[in-house]
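**Student:** This is model21.cif (mmCIF, C-alpha atoms).
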```cif
data_start
loop_
_atom_site.group_PDB
_atom_site.id
_atom_site.type_symbol
_atom_site.label_atom_id
_atom_site.label_comp_id
_atom_site.auth_asym_id
_atom_site.auth_seq_id
_atom_site.Cartn_x
_atom_site.Cartn_y
_atom_site.Cartn_z
ATOM 1 C CA MET A 1 7.941 -11.698 8.985
ATOM 2 C CA SER A 2 5.528 -10.454 11.634
ATOM 3 C CA THR A 3 5.787 -7.257 13.613
ATOM 4 C CA LEU A 4 4.697 -6.362 17.125
ATOM 5 C CA ILE A 5 4.195 -2.671 17.834
ATOM 6 C CA VAL A 6 4.360 -1.876 21.552
ATOM 7 C CA ILE A 7 2.633 1.132 23.099
ATOM 8 C CA ASP A 8 3.729 1.683 26.713
ATOM 9 C CA GLN A 9 2.748 5.326 27.024
ATOM 10 C CA PRO A 10 -0.681 6.615 28.038
ATOM 11 C CA PRO A 11 -3.020 8.237 25.492
ATOM 12 C CA TYR A 12 -3.695 11.971 25.018
ATOM 13 C CA GLY A 13 -0.527 13.267 26.779
ATOM 14 C CA GLY A 14 1.686 12.816 23.713
ATOM 15 C CA TRP A 15 1.787 11.795 20.076
ATOM 16 C CA ALA A 16 4.108 8.789 20.137
ATOM 17 C CA GLY A 17 1.285 6.298 20.514
ATOM 18 C CA ARG A 18 -0.720 7.735 17.622
ATOM 19 C CA GLU A 19 2.351 7.568 15.425
ATOM 20 C CA ALA A 20 2.743 3.920 16.395
ATOM 21 C CA LEU A 21 -0.892 3.250 15.554
ATOM 22 C CA ASP A 22 -0.302 4.855 12.173
ATOM 23 C CA MET A 23 2.702 2.592 11.655
ATOM 24 C CA ALA A 24 0.604 -0.471 12.490
ATOM 25 C CA PHE A 25 -2.130 0.613 10.066
ATOM 26 C CA SER A 26 0.454 1.216 7.348
ATOM 27 C CA LEU A 27 1.958 -2.257 7.778
ATOM 28 C CA ALA A 28 -1.538 -3.720 7.611
ATOM 29 C CA ALA A 29 -2.257 -1.709 4.462
ATOM 30 C CA PHE A 30 0.583 -3.562 2.742
ATOM 31 C CA ASP A 31 -0.642 -6.895 4.125
ATOM 32 C CA GLN A 32 2.293 -7.239 6.524
ATOM 33 C CA PRO A 33 1.213 -9.220 9.625
ATOM 34 C CA VAL A 34 1.142 -6.829 12.562
ATOM 35 C CA SER A 35 -0.202 -6.856 16.110
ATOM 36 C CA LEU A 36 -0.377 -4.197 18.802
ATOM 37 C CA LEU A 37 0.672 -4.706 22.429
ATOM 38 C CA PHE A 38 -0.363 -2.289 25.166
ATOM 39 C CA CYS A 39 1.666 -2.434 28.363
ATOM 40 C CA GLY A 40 2.668 -0.168 31.242
ATOM 41 C CA ALA A 41 0.593 3.017 31.239
ATOM 42 C CA GLY A 42 -0.205 2.192 27.618
ATOM 43 C CA VAL A 43 -3.054 -0.085 28.768
ATOM 44 C CA ASN A 44 -5.090 3.080 29.358
ATOM 45 C CA TRP A 45 -5.605 3.228 25.590
ATOM 46 C CA LEU A 46 -8.009 0.321 26.031
ATOM 47 C CA ARG A 47 -10.395 1.775 28.619
ATOM 48 C CA LYS A 48 -14.039 1.946 27.575
ATOM 49 C CA GLY A 49 -15.923 5.237 27.641
ATOM 50 C CA GLN A 50 -13.256 7.763 26.642
ATOM 51 C CA GLU A 51 -14.623 11.237 25.860
ATOM 52 C CA PRO A 52 -11.610 13.252 24.752
ATOM 53 C CA GLY A 53 -13.693 16.007 23.171
ATOM 54 C CA THR A 54 -13.011 17.732 26.499
ATOM 55 C CA VAL A 55 -9.330 18.031 25.534
ATOM 56 C CA ARG A 56 -10.099 18.544 21.853
ATOM 57 C CA GLN A 57 -8.612 15.278 20.695
ATOM 58 C CA LYS A 58 -10.014 12.385 18.708
ATOM 59 C CA SER A 59 -10.904 9.240 20.621
ATOM 60 C CA VAL A 60 -8.133 6.638 20.520
ATOM 61 C CA GLU A 61 -10.797 4.179 21.642
ATOM 62 C CA LYS A 62 -12.756 4.810 18.438
ATOM 63 C CA ASN A 63 -9.594 4.922 16.317
ATOM 64 C CA LEU A 64 -8.524 1.554 17.727
ATOM 65 C CA ALA A 65 -11.858 -0.013 16.903
ATOM 66 C CA ALA A 66 -10.873 0.409 13.226
ATOM 67 C CA ALA A 67 -7.789 -1.784 13.697
ATOM 68 C CA PRO A 68 -9.478 -5.083 12.750
ATOM 69 C CA ILE A 69 -11.065 -3.453 9.658
ATOM 70 C CA PHE A 70 -7.626 -2.367 8.476
ATOM 71 C CA GLY A 71 -6.194 -5.840 9.069
ATOM 72 C CA VAL A 72 -4.324 -5.513 12.372
ATOM 73 C CA GLU A 73 -4.170 -9.121 13.582
ATOM 74 C CA ALA A 74 -4.494 -8.725 17.339
ATOM 75 C CA LEU A 75 -4.836 -6.200 20.138
ATOM 76 C CA LEU A 76 -2.871 -7.501 23.113
ATOM 77 C CA ALA A 77 -2.721 -6.103 26.641
ATOM 78 C CA ASP A 78 -0.438 -6.931 29.552
ATOM 79 C CA SER A 79 -2.668 -8.500 32.210
ATOM 80 C CA ASP A 80 -0.609 -7.298 35.229
ATOM 81 C CA ASP A 81 -0.621 -3.735 33.941
ATOM 82 C CA CYS A 82 -4.379 -3.907 33.331
ATOM 83 C CA ASN A 83 -4.845 -4.936 36.953
ATOM 84 C CA ARG A 84 -2.565 -2.147 38.102
ATOM 85 C CA TYR A 85 -4.764 0.422 36.338
ATOM 86 C CA GLY A 86 -8.054 -1.109 37.463
ATOM 87 C CA LEU A 87 -8.951 -2.415 34.034
ATOM 88 C CA GLU A 88 -11.051 -5.473 34.733
ATOM 89 C CA PRO A 89 -12.083 -7.319 31.571
ATOM 90 C CA GLY A 90 -15.480 -5.555 31.540
ATOM 91 C CA ARG A 91 -13.792 -2.170 31.307
ATOM 92 C CA LEU A 92 -11.608 -3.112 28.363
ATOM 93 C CA LEU A 93 -12.464 -2.554 24.719
ATOM 94 C CA ASP A 94 -13.907 -5.582 22.977
ATOM 95 C CA GLY A 95 -11.537 -7.942 21.234
ATOM 96 C CA VAL A 96 -8.514 -7.413 23.485
ATOM 97 C CA THR A 97 -6.430 -10.461 24.409
ATOM 98 C CA LEU A 98 -4.661 -10.455 27.793
ATOM 99 C CA VAL A 99 -1.049 -11.620 27.751
ATOM 100 C CA ARG A 100 2.108 -11.534 29.818
ATOM 101 C CA THR A 101 4.828 -9.266 28.422
ATOM 102 C CA ASP A 102 7.972 -11.385 28.428
ATOM 103 C CA ALA A 103 10.696 -12.745 26.180
ATOM 104 C CA GLN A 104 8.439 -15.617 25.190
ATOM 105 C CA LEU A 105 5.829 -13.215 23.814
ATOM 106 C CA PHE A 106 8.414 -11.259 21.831
ATOM 107 C CA ALA A 107 9.850 -14.520 20.467
ATOM 108 C CA GLY A 108 6.707 -14.888 18.358
ATOM 109 C CA TYR A 109 7.574 -11.825 16.258
ATOM 110 C CA SER A 110 10.521 -11.227 13.973
ATOM 111 C CA HIS A 111 10.487 -7.546 14.825
ATOM 112 C CA THR A 112 9.240 -5.773 17.925
ATOM 113 C CA ALA A 113 9.196 -1.985 17.997
ATOM 114 C CA PHE A 114 8.354 0.253 20.947
ATOM 115 C CA ALA A 115 6.538 3.517 20.246
ATOM 116 C CA GLY A 116 8.424 6.769 20.832
ATOM 117 C CA MET B 1 -25.478 26.326 -3.653
ATOM 118 C CA SER B 2 -23.184 29.320 -4.045
ATOM 119 C CA GLU B 3 -19.549 29.391 -2.976
ATOM 120 C CA GLN B 4 -20.403 31.436 0.138
ATOM 121 C CA GLN B 5 -22.762 28.775 1.449
ATOM 122 C CA ILE B 6 -20.135 26.030 1.526
ATOM 123 C CA PRO B 7 -18.748 25.585 5.038
ATOM 124 C CA GLN B 8 -15.151 26.628 5.608
ATOM 125 C CA ARG B 9 -12.571 24.514 3.783
ATOM 126 C CA ASN B 10 -8.791 24.154 3.822
ATOM 127 C CA ASN B 11 -6.451 24.914 0.931
ATOM 128 C CA GLU B 12 -7.051 21.443 -0.546
ATOM 129 C CA GLY B 13 -10.816 21.756 -0.446
ATOM 130 C CA PHE B 14 -11.473 19.574 2.621
ATOM 131 C CA LEU B 15 -14.083 20.751 5.135
ATOM 132 C CA GLU B 16 -12.607 22.184 8.333
ATOM 133 C CA ASP B 17 -15.524 20.730 10.305
ATOM 134 C CA ALA B 18 -16.833 17.314 9.260
ATOM 135 C CA TRP B 19 -20.126 17.968 11.083
ATOM 136 C CA ALA B 20 -20.877 21.005 8.902
ATOM 137 C CA TRP B 21 -21.396 18.635 5.961
ATOM 138 C CA THR B 22 -24.737 18.171 4.225
ATOM 139 C CA PRO B 23 -25.638 16.147 1.106
ATOM 140 C CA GLN B 24 -25.883 19.469 -0.774
ATOM 141 C CA VAL B 25 -22.293 20.238 0.169
ATOM 142 C CA ALA B 26 -21.307 16.877 -1.342
ATOM 143 C CA GLU B 27 -23.069 17.748 -4.616
ATOM 144 C CA THR B 28 -21.268 21.080 -4.793
ATOM 145 C CA ILE B 29 -17.810 19.706 -4.058
ATOM 146 C CA ALA B 30 -18.355 16.821 -6.497
ATOM 147 C CA ALA B 31 -19.374 19.269 -9.203
ATOM 148 C CA GLU B 32 -15.998 21.000 -8.874
ATOM 149 C CA ASP B 33 -14.446 17.714 -10.020
ATOM 150 C CA SER B 34 -17.164 17.319 -12.681
ATOM 151 C CA ILE B 35 -18.588 14.334 -10.824
ATOM 152 C CA GLU B 36 -22.337 13.779 -10.893
ATOM 153 C CA LEU B 37 -23.251 11.745 -7.828
ATOM 154 C CA SER B 38 -25.022 8.439 -8.540
ATOM 155 C CA ASP B 39 -26.371 5.836 -6.115
ATOM 156 C CA ASN B 40 -23.009 4.079 -6.301
ATOM 157 C CA HIS B 41 -21.293 7.273 -5.176
ATOM 158 C CA TRP B 42 -23.767 7.769 -2.321
ATOM 159 C CA GLU B 43 -23.234 4.224 -1.099
ATOM 160 C CA ILE B 44 -19.531 4.997 -0.589
ATOM 161 C CA ILE B 45 -20.187 8.497 0.777
ATOM 162 C CA ASP B 46 -22.670 7.140 3.347
ATOM 163 C CA PHE B 47 -20.182 4.422 4.235
ATOM 164 C CA LEU B 48 -17.465 7.029 4.845
ATOM 165 C CA ARG B 49 -19.800 9.209 6.943
ATOM 166 C CA ASP B 50 -20.652 6.183 9.123
ATOM 167 C CA PHE B 51 -17.018 5.170 9.301
ATOM 168 C CA TYR B 52 -16.064 8.623 10.534
ATOM 169 C CA LYS B 53 -18.840 8.664 13.138
ATOM 170 C CA GLU B 54 -17.665 5.338 14.468
ATOM 171 C CA HIS B 55 -13.893 5.796 14.299
ATOM 172 C CA GLU B 56 -13.303 9.567 14.247
ATOM 173 C CA VAL B 57 -10.703 9.125 11.539
ATOM 174 C CA SER B 58 -10.616 9.008 7.746
ATOM 175 C CA PRO B 59 -9.123 5.855 6.263
ATOM 176 C CA PRO B 60 -5.478 7.031 6.490
ATOM 177 C CA SER B 61 -4.361 5.915 3.042
ATOM 178 C CA ASN B 62 -5.805 4.854 -0.285
ATOM 179 C CA ARG B 63 -4.971 1.206 0.361
ATOM 180 C CA LEU B 64 -6.765 1.297 3.706
ATOM 181 C CA PHE B 65 -9.748 3.028 2.099
ATOM 182 C CA VAL B 66 -9.992 0.202 -0.436
ATOM 183 C CA LYS B 67 -9.552 -2.331 2.376
ATOM 184 C CA ALA B 68 -12.324 -0.796 4.485
ATOM 185 C CA VAL B 69 -14.718 -0.726 1.503
ATOM 186 C CA LYS B 70 -13.866 -4.361 0.794
ATOM 187 C CA GLU B 71 -14.644 -5.283 4.427
ATOM 188 C CA ALA B 72 -18.017 -3.564 4.107
ATOM 189 C CA PHE B 73 -19.161 -4.410 0.567
ATOM 190 C CA GLY B 74 -16.906 -7.210 -0.632
ATOM 191 C CA GLU B 75 -14.403 -7.673 -3.438
ATOM 192 C CA GLU B 76 -16.695 -6.338 -6.174
ATOM 193 C CA LYS B 77 -16.651 -2.791 -4.798
ATOM 194 C CA GLY B 78 -13.602 -2.977 -2.565
ATOM 195 C CA ASN B 79 -11.099 -2.678 -5.384
ATOM 196 C CA SER B 80 -9.174 0.311 -6.634
ATOM 197 C CA ILE B 81 -10.483 0.230 -10.209
ATOM 198 C CA TYR B 82 -14.126 0.490 -9.110
ATOM 199 C CA LEU B 83 -13.334 3.263 -6.635
ATOM 200 C CA MET B 84 -11.094 5.076 -9.118
ATOM 201 C CA GLN B 85 -13.974 5.138 -11.618
ATOM 202 C CA LEU B 86 -16.294 6.670 -9.046
ATOM 203 C CA PHE B 87 -13.757 9.019 -7.479
ATOM 204 C CA PRO B 88 -11.019 9.883 -9.983
ATOM 205 C CA GLY B 89 -7.552 10.950 -8.879
ATOM 206 C CA THR B 90 -6.668 9.432 -5.529
ATOM 207 C CA PRO B 91 -10.000 7.809 -4.644
ATOM 208 C CA ALA B 92 -9.522 8.145 -0.867
ATOM 209 C CA LYS B 93 -8.827 11.868 -1.171
ATOM 210 C CA THR B 94 -11.593 12.598 -3.661
ATOM 211 C CA ALA B 95 -14.169 10.539 -1.746
ATOM 212 C CA CYS B 96 -13.241 11.997 1.666
ATOM 213 C CA ARG B 97 -13.362 15.513 0.268
ATOM 214 C CA ILE B 98 -16.855 14.949 -1.099
ATOM 215 C CA ALA B 99 -18.002 13.170 2.076
ATOM 216 C CA GLY B 100 -16.764 16.077 4.202
ATOM 217 C CA LEU B 101 -14.138 14.035 6.045
ATOM 218 C CA PRO B 102 -10.636 15.254 6.943
ATOM 219 C CA ARG B 103 -7.847 14.657 4.459
ATOM 220 C CA PRO B 104 -6.482 11.099 4.701
ATOM 221 C CA THR B 105 -3.191 11.563 6.556
ATOM 222 C CA ASN B 106 -0.977 9.342 4.432
ATOM 223 C CA CYS B 107 -2.095 10.266 0.931
ATOM 224 C CA LEU B 108 0.332 12.338 -1.094
ATOM 225 C CA MET C 1 30.256 -15.851 12.544
ATOM 226 C CA THR C 2 28.067 -16.415 15.590
ATOM 227 C CA GLU C 3 24.306 -16.307 15.397
ATOM 228 C CA ILE C 4 22.400 -13.865 17.542
ATOM 229 C CA GLN C 5 19.105 -14.958 19.061
ATOM 230 C CA THR C 6 17.681 -11.484 19.675
ATOM 231 C CA LEU C 7 19.266 -8.165 18.802
ATOM 232 C CA HIS C 8 18.125 -5.526 21.286
ATOM 233 C CA ILE C 9 18.507 -2.034 19.859
ATOM 234 C CA LEU C 10 18.429 0.294 22.859
ATOM 235 C CA ASN C 11 18.218 4.049 22.336
ATOM 236 C CA LYS C 12 17.059 5.104 25.810
ATOM 237 C CA SER C 13 19.228 6.612 28.564
ATOM 238 C CA PRO C 14 19.574 4.641 31.822
ATOM 239 C CA GLU C 15 16.820 6.635 33.592
ATOM 240 C CA HIS C 16 14.221 5.476 31.089
ATOM 241 C CA PRO C 17 12.178 2.505 32.368
ATOM 242 C CA ARG C 18 12.729 0.644 29.085
ATOM 243 C CA PHE C 19 16.496 0.685 29.655
ATOM 244 C CA THR C 20 16.146 -1.523 32.735
ATOM 245 C CA ARG C 21 13.485 -3.649 31.114
ATOM 246 C CA CYS C 22 15.657 -4.285 28.091
ATOM 247 C CA LEU C 23 18.695 -5.314 30.145
ATOM 248 C CA SER C 24 16.635 -7.665 32.293
ATOM 249 C CA MET C 25 15.216 -9.358 29.223
ATOM 250 C CA ALA C 26 18.474 -9.756 27.283
ATOM 251 C CA GLY C 27 19.785 -13.319 27.595
ATOM 252 C CA PRO C 28 23.256 -14.789 27.034
ATOM 253 C CA GLU C 29 22.446 -15.654 23.387
ATOM 254 C CA ASP C 30 21.405 -12.079 22.698
ATOM 255 C CA ALA C 31 23.222 -8.924 21.687
ATOM 256 C CA VAL C 32 22.491 -5.447 23.039
ATOM 257 C CA LEU C 33 23.341 -2.576 20.717
ATOM 258 C CA LEU C 34 23.403 0.860 22.352
ATOM 259 C CA ILE C 35 22.523 3.726 20.033
ATOM 260 C CA GLU C 36 21.544 7.399 20.468
ATOM 261 C CA ASN C 37 21.007 8.166 24.198
ATOM 262 C CA GLY C 38 21.512 4.497 24.949
ATOM 263 C CA VAL C 39 25.291 4.941 24.710
ATOM 264 C CA LEU C 40 25.108 7.034 27.896
ATOM 265 C CA GLY C 41 24.293 3.821 29.721
ATOM 266 C CA LEU C 42 27.496 2.091 28.706
ATOM 267 C CA GLY C 43 28.783 1.772 32.269
ATOM 268 C CA THR C 44 25.471 0.511 33.630
ATOM 269 C CA ALA C 45 24.978 -1.886 30.745
ATOM 270 C CA SER C 46 28.453 -3.434 30.757
ATOM 271 C CA ALA C 47 27.919 -4.481 34.386
ATOM 272 C CA SER C 48 24.745 -6.408 33.682
ATOM 273 C CA VAL C 49 24.658 -7.670 30.087
ATOM 274 C CA SER C 50 25.436 -11.374 29.927
ATOM 275 C CA GLY C 51 25.451 -11.556 26.123
ATOM 276 C CA LYS C 52 27.268 -9.371 23.650
ATOM 277 C CA LEU C 53 27.343 -5.612 24.218
ATOM 278 C CA LEU C 54 27.905 -3.204 21.337
ATOM 279 C CA ALA C 55 27.640 0.544 20.847
ATOM 280 C CA LEU C 56 27.253 2.720 17.786
ATOM 281 C CA GLU C 57 30.477 4.589 17.123
ATOM 282 C CA ALA C 58 28.866 7.749 15.713
ATOM 283 C CA ASP C 59 26.578 8.216 18.717
ATOM 284 C CA MET C 60 29.457 7.728 21.169
ATOM 285 C CA ALA C 61 31.645 10.198 19.278
ATOM 286 C CA ALA C 62 28.794 12.730 19.133
ATOM 287 C CA ARG C 63 28.552 12.678 22.922
ATOM 288 C CA GLY C 64 32.289 12.972 23.495
ATOM 289 C CA MET C 65 32.586 9.320 24.411
ATOM 290 C CA GLY C 66 34.783 8.347 21.492
ATOM 291 C CA GLY C 67 37.643 7.722 23.917
ATOM 292 C CA GLN C 68 35.679 4.962 25.629
ATOM 293 C CA SER C 69 35.328 2.868 22.505
ATOM 294 C CA GLY C 70 38.039 0.569 23.869
ATOM 295 C CA THR C 71 35.729 -0.635 26.642
ATOM 296 C CA VAL C 72 32.985 -1.895 24.323
ATOM 297 C CA GLU C 73 32.772 -3.336 20.826
ATOM 298 C CA SER C 74 31.904 -0.305 18.738
ATOM 299 C CA VAL C 75 30.204 -0.649 15.368
ATOM 300 C CA ASP C 76 29.545 1.630 12.410
ATOM 301 C CA TYR C 77 26.262 1.874 10.486
ATOM 302 C CA ASP C 78 27.181 -0.876 8.010
ATOM 303 C CA ALA C 79 27.963 -3.245 10.859
ATOM 304 C CA MET C 80 24.670 -2.327 12.502
ATOM 305 C CA VAL C 81 22.759 -3.333 9.384
ATOM 306 C CA GLU C 82 24.766 -6.531 9.195
ATOM 307 C CA LEU C 83 23.873 -7.307 12.832
ATOM 308 C CA THR C 84 20.154 -7.048 12.091
ATOM 309 C CA THR C 85 20.520 -9.662 9.352
ATOM 310 C CA ARG C 86 22.332 -12.064 11.691
ATOM 311 C CA ALA C 87 19.690 -11.901 14.418
ATOM 312 C CA GLN C 88 16.706 -14.251 14.578
ATOM 313 C CA GLN C 89 14.635 -11.314 15.767
ATOM 314 C CA VAL C 90 15.054 -7.658 16.531
ATOM 315 C CA ILE C 91 13.546 -5.616 19.340
ATOM 316 C CA SER C 92 13.697 -1.842 18.959
ATOM 317 C CA TRP C 93 13.313 -0.462 22.488
#
```
When written as structure tokens, how does the structure in this file appear?
**Tutor:**
Amino acid sequence: MSTLIVIDQPPYGGWAGREALDMAFSLAAFDQPVSLLFCGAGVNWLRKGQEPGTVRQKSVEKNLAAAPIFGVEALLADSDDCNRYGLEPGRLLDGVTLVRTDAQLFAGYSHTAFAG
Amino acid sequence: MSEQQIPQRNNEGFLEDAWAWTPQVAETIAAEDSIELSDNHWEIIDFLRDFYKEHEVSPPSNRLFVKAVKEAFGEEKGNSIYLMQLFPGTPAKTACRIAGLPRPTNCL
Amino acid sequence: MTEIQTLHILNKSPEHPRFTRCLSMAGPEDAVLLIENGVLGLGTASASVSGKLLALEADMAARGMGGQSGTVESVDYDAMVELTTRAQQVISW
């Protein structure tokens, strides 16, 4: 039983993504296999150099870097959407795997849940 | 350190501002729980301070606290009995309170 | 009782980008279950879903669409749970 949590909304403008991150961390806490997929505007979570002190929020970039420590198996990003938002590999957080978001990807997980 | 010199805290005793923390603050908060801080305590406190600097978040739950300690120091210290002995109650909450971090979000 | 490859649980109204994405991904072996605002897309969905199309009774009734339950297979909460156990995998859109 493995779960894929999908974040397709951009960071900082709403809370849905953070709630999804929390869900992923909670699954990992109970040793349930879980991965995170960022697609659509959600790929902006993965951009290096975020400084959200300017909007008085915590950095999702720094929060995400804790994912491997907590046991989240993989951070995946849709490659087309990364291109669309100008996220060349050098601008992405370390440890992100580029994938194509399609039925074949979802077939690898018994449950896929979109955030918000 | 007198009560007035402790930075502002919430109703559960957690610092409002993690950056207002000093080692003396840790001693004072620990004393409220009758904990005398040893090197073993400081190892975990320093770990939590570094963790917060790097990730801007407290380990969200007790299980994830134990998991993060295990990642850093191995099985011997990354287990709930060891951490419970150092930080009685809910170890994640007690340790974060002493280390000046925000309250772990998913601890009851 | 037929097996379901993927159960798509869709709770977004037709204007939401995920609504379109879900319908384009659902194959003939799949089932699409409309819940919450998803039931508002009943007309749109019935035109394009090649597999099974279902809708949650309570959410249709809540939105005054109880009369349309003849046009789609409507299910109650127990049946919804049962569907999730019959599917190989579940996608919550």
**Student:** Could you tell me which residues the PyMOL selection byres ((chain A) within 6 of (chain C)) grabs in this file, written as a PyMOL selection string?
**Tutor:** chain A and resi 110-114
**Student:** Determine the residue membership of the PyMOL selection byres ((chain A) within 6 of (chain B)) for the file above and supply it as a PDB file with C-alpha atoms, in the frame of the given file.
**Tutor:**
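Written out: out-v1.pdb:
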```
ATOM      1  CA  ALA A  29      -2.257  -1.709   4.462  1.00  0.00           C
ATOM      2  CA  LYS A  62     -12.756   4.810  18.438  1.00  0.00           C
ATOM      3  CA  ASN A  63      -9.594   4.922  16.317  1.00  0.00           C
ATOM      4  CA  ILE A  69     -11.065  -3.453   9.658  1.00  0.00           C
TER       5      ILE A  69
END
```
**Student:** Which residues, written as a list of chain:residue names, have at least one atom at most 12 Å from Pro23 in chain B, with all atoms listed in the file counted and residues fewer than 2 positions away on the same chain left out?
**Tutor:**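 Near neighbours after the sequence-gap exclusion: B:Met1, B:Ile6, B:Trp19, B:Ala20, B:Trp21, B:Val25, B:Ala26, B:Glu27, B:Thr28, B:Ile29, B:Ala30, B:Leu37, B:His41, B:Trp42, B:Ile45, B:Asp46, B:Arg49, B:Ile98, B:Ala99, B:Gly100.
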**Student:** Interatomic distance between CA of Ala18 in chain B and CA of Arg103 in chain B?
**Tutor:**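 Result for CA of Ala18 in chain B versus CA of Arg103 in chain B: 10.5 Å, one decimal.
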**Student:** Starting from the displayed file, determine the output of the PyMOL selection byres ((chain C and resi 32) around 7) and express the residue list as a list in words.
**Tutor:**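 When the PyMOL selection byres ((chain C and resi 32) around 7) is applied, the selected residues are Leu7, His8, Ile9, Asp30, Ala31, Leu33, Leu34, Lys52, Leu53 and Leu54 of chain C.
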**Student:** Using only C-alpha atoms for the distances, tell me which of C:Thr71, C:Asn37, C:Ser50, C:Thr84 is nearest to Leu23 in chain C.
**Tutor:**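 Comparing C:Thr71, C:Asn37, C:Ser50, C:Thr84 against Leu23 in chain C, the winner is C:Ser50.
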**Student:** From (3.4, -0.8, 21.6), in the file's coordinates, out to 10 Å: which residues are reached, counting only C-alpha atoms? Answer as a list of chain:residue names.
**Tutor:**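 Result, sorted by chain then residue number: A:Leu4, A:Ile5, A:Val6, A:Ile7, A:Asp8, A:Gln9, A:Ala16, A:Gly17, A:Ala20, A:Leu21, A:Ala24, A:Ser35, A:Leu36, A:Leu37, A:Phe38, A:Cys39, A:Gly40, A:Gly42, A:Val43, A:Leu75, A:Leu76, A:Ala77, A:Thr112, A:Ala113, A:Phe114, A:Ala115, A:Gly116, C:Trp93.
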**Student:** List the spatial neighbours of Val60 in chain A as a ChimeraX atom specification - criterion: any atom at most 12 Å away, all atoms listed in the file, same-chain residues fewer than 4 positions off excluded.
**Tutor:** /A:10-13,15,17-22,42-53,64-67,93 /B:54-57
**Student:** Counting only C-alpha atoms, which residues come within 12 Å of (-8.7, -6.5, 33.6), with the point read in the file's coordinates, and could you list them as a list in words?
**Tutor:**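 Residues satisfying the cut-off, written out: Val43, Asn44, Leu46, Arg47, Lys48, Ala77, Asp78, Ser79, Asp80, Asp81, Cys82, Asn83, Arg84, Tyr85, Gly86, Leu87, Glu88, Pro89, Gly90, Arg91, Leu92, Leu93, Asp94, Val96, Thr97, Leu98 and Val99 of chain A.
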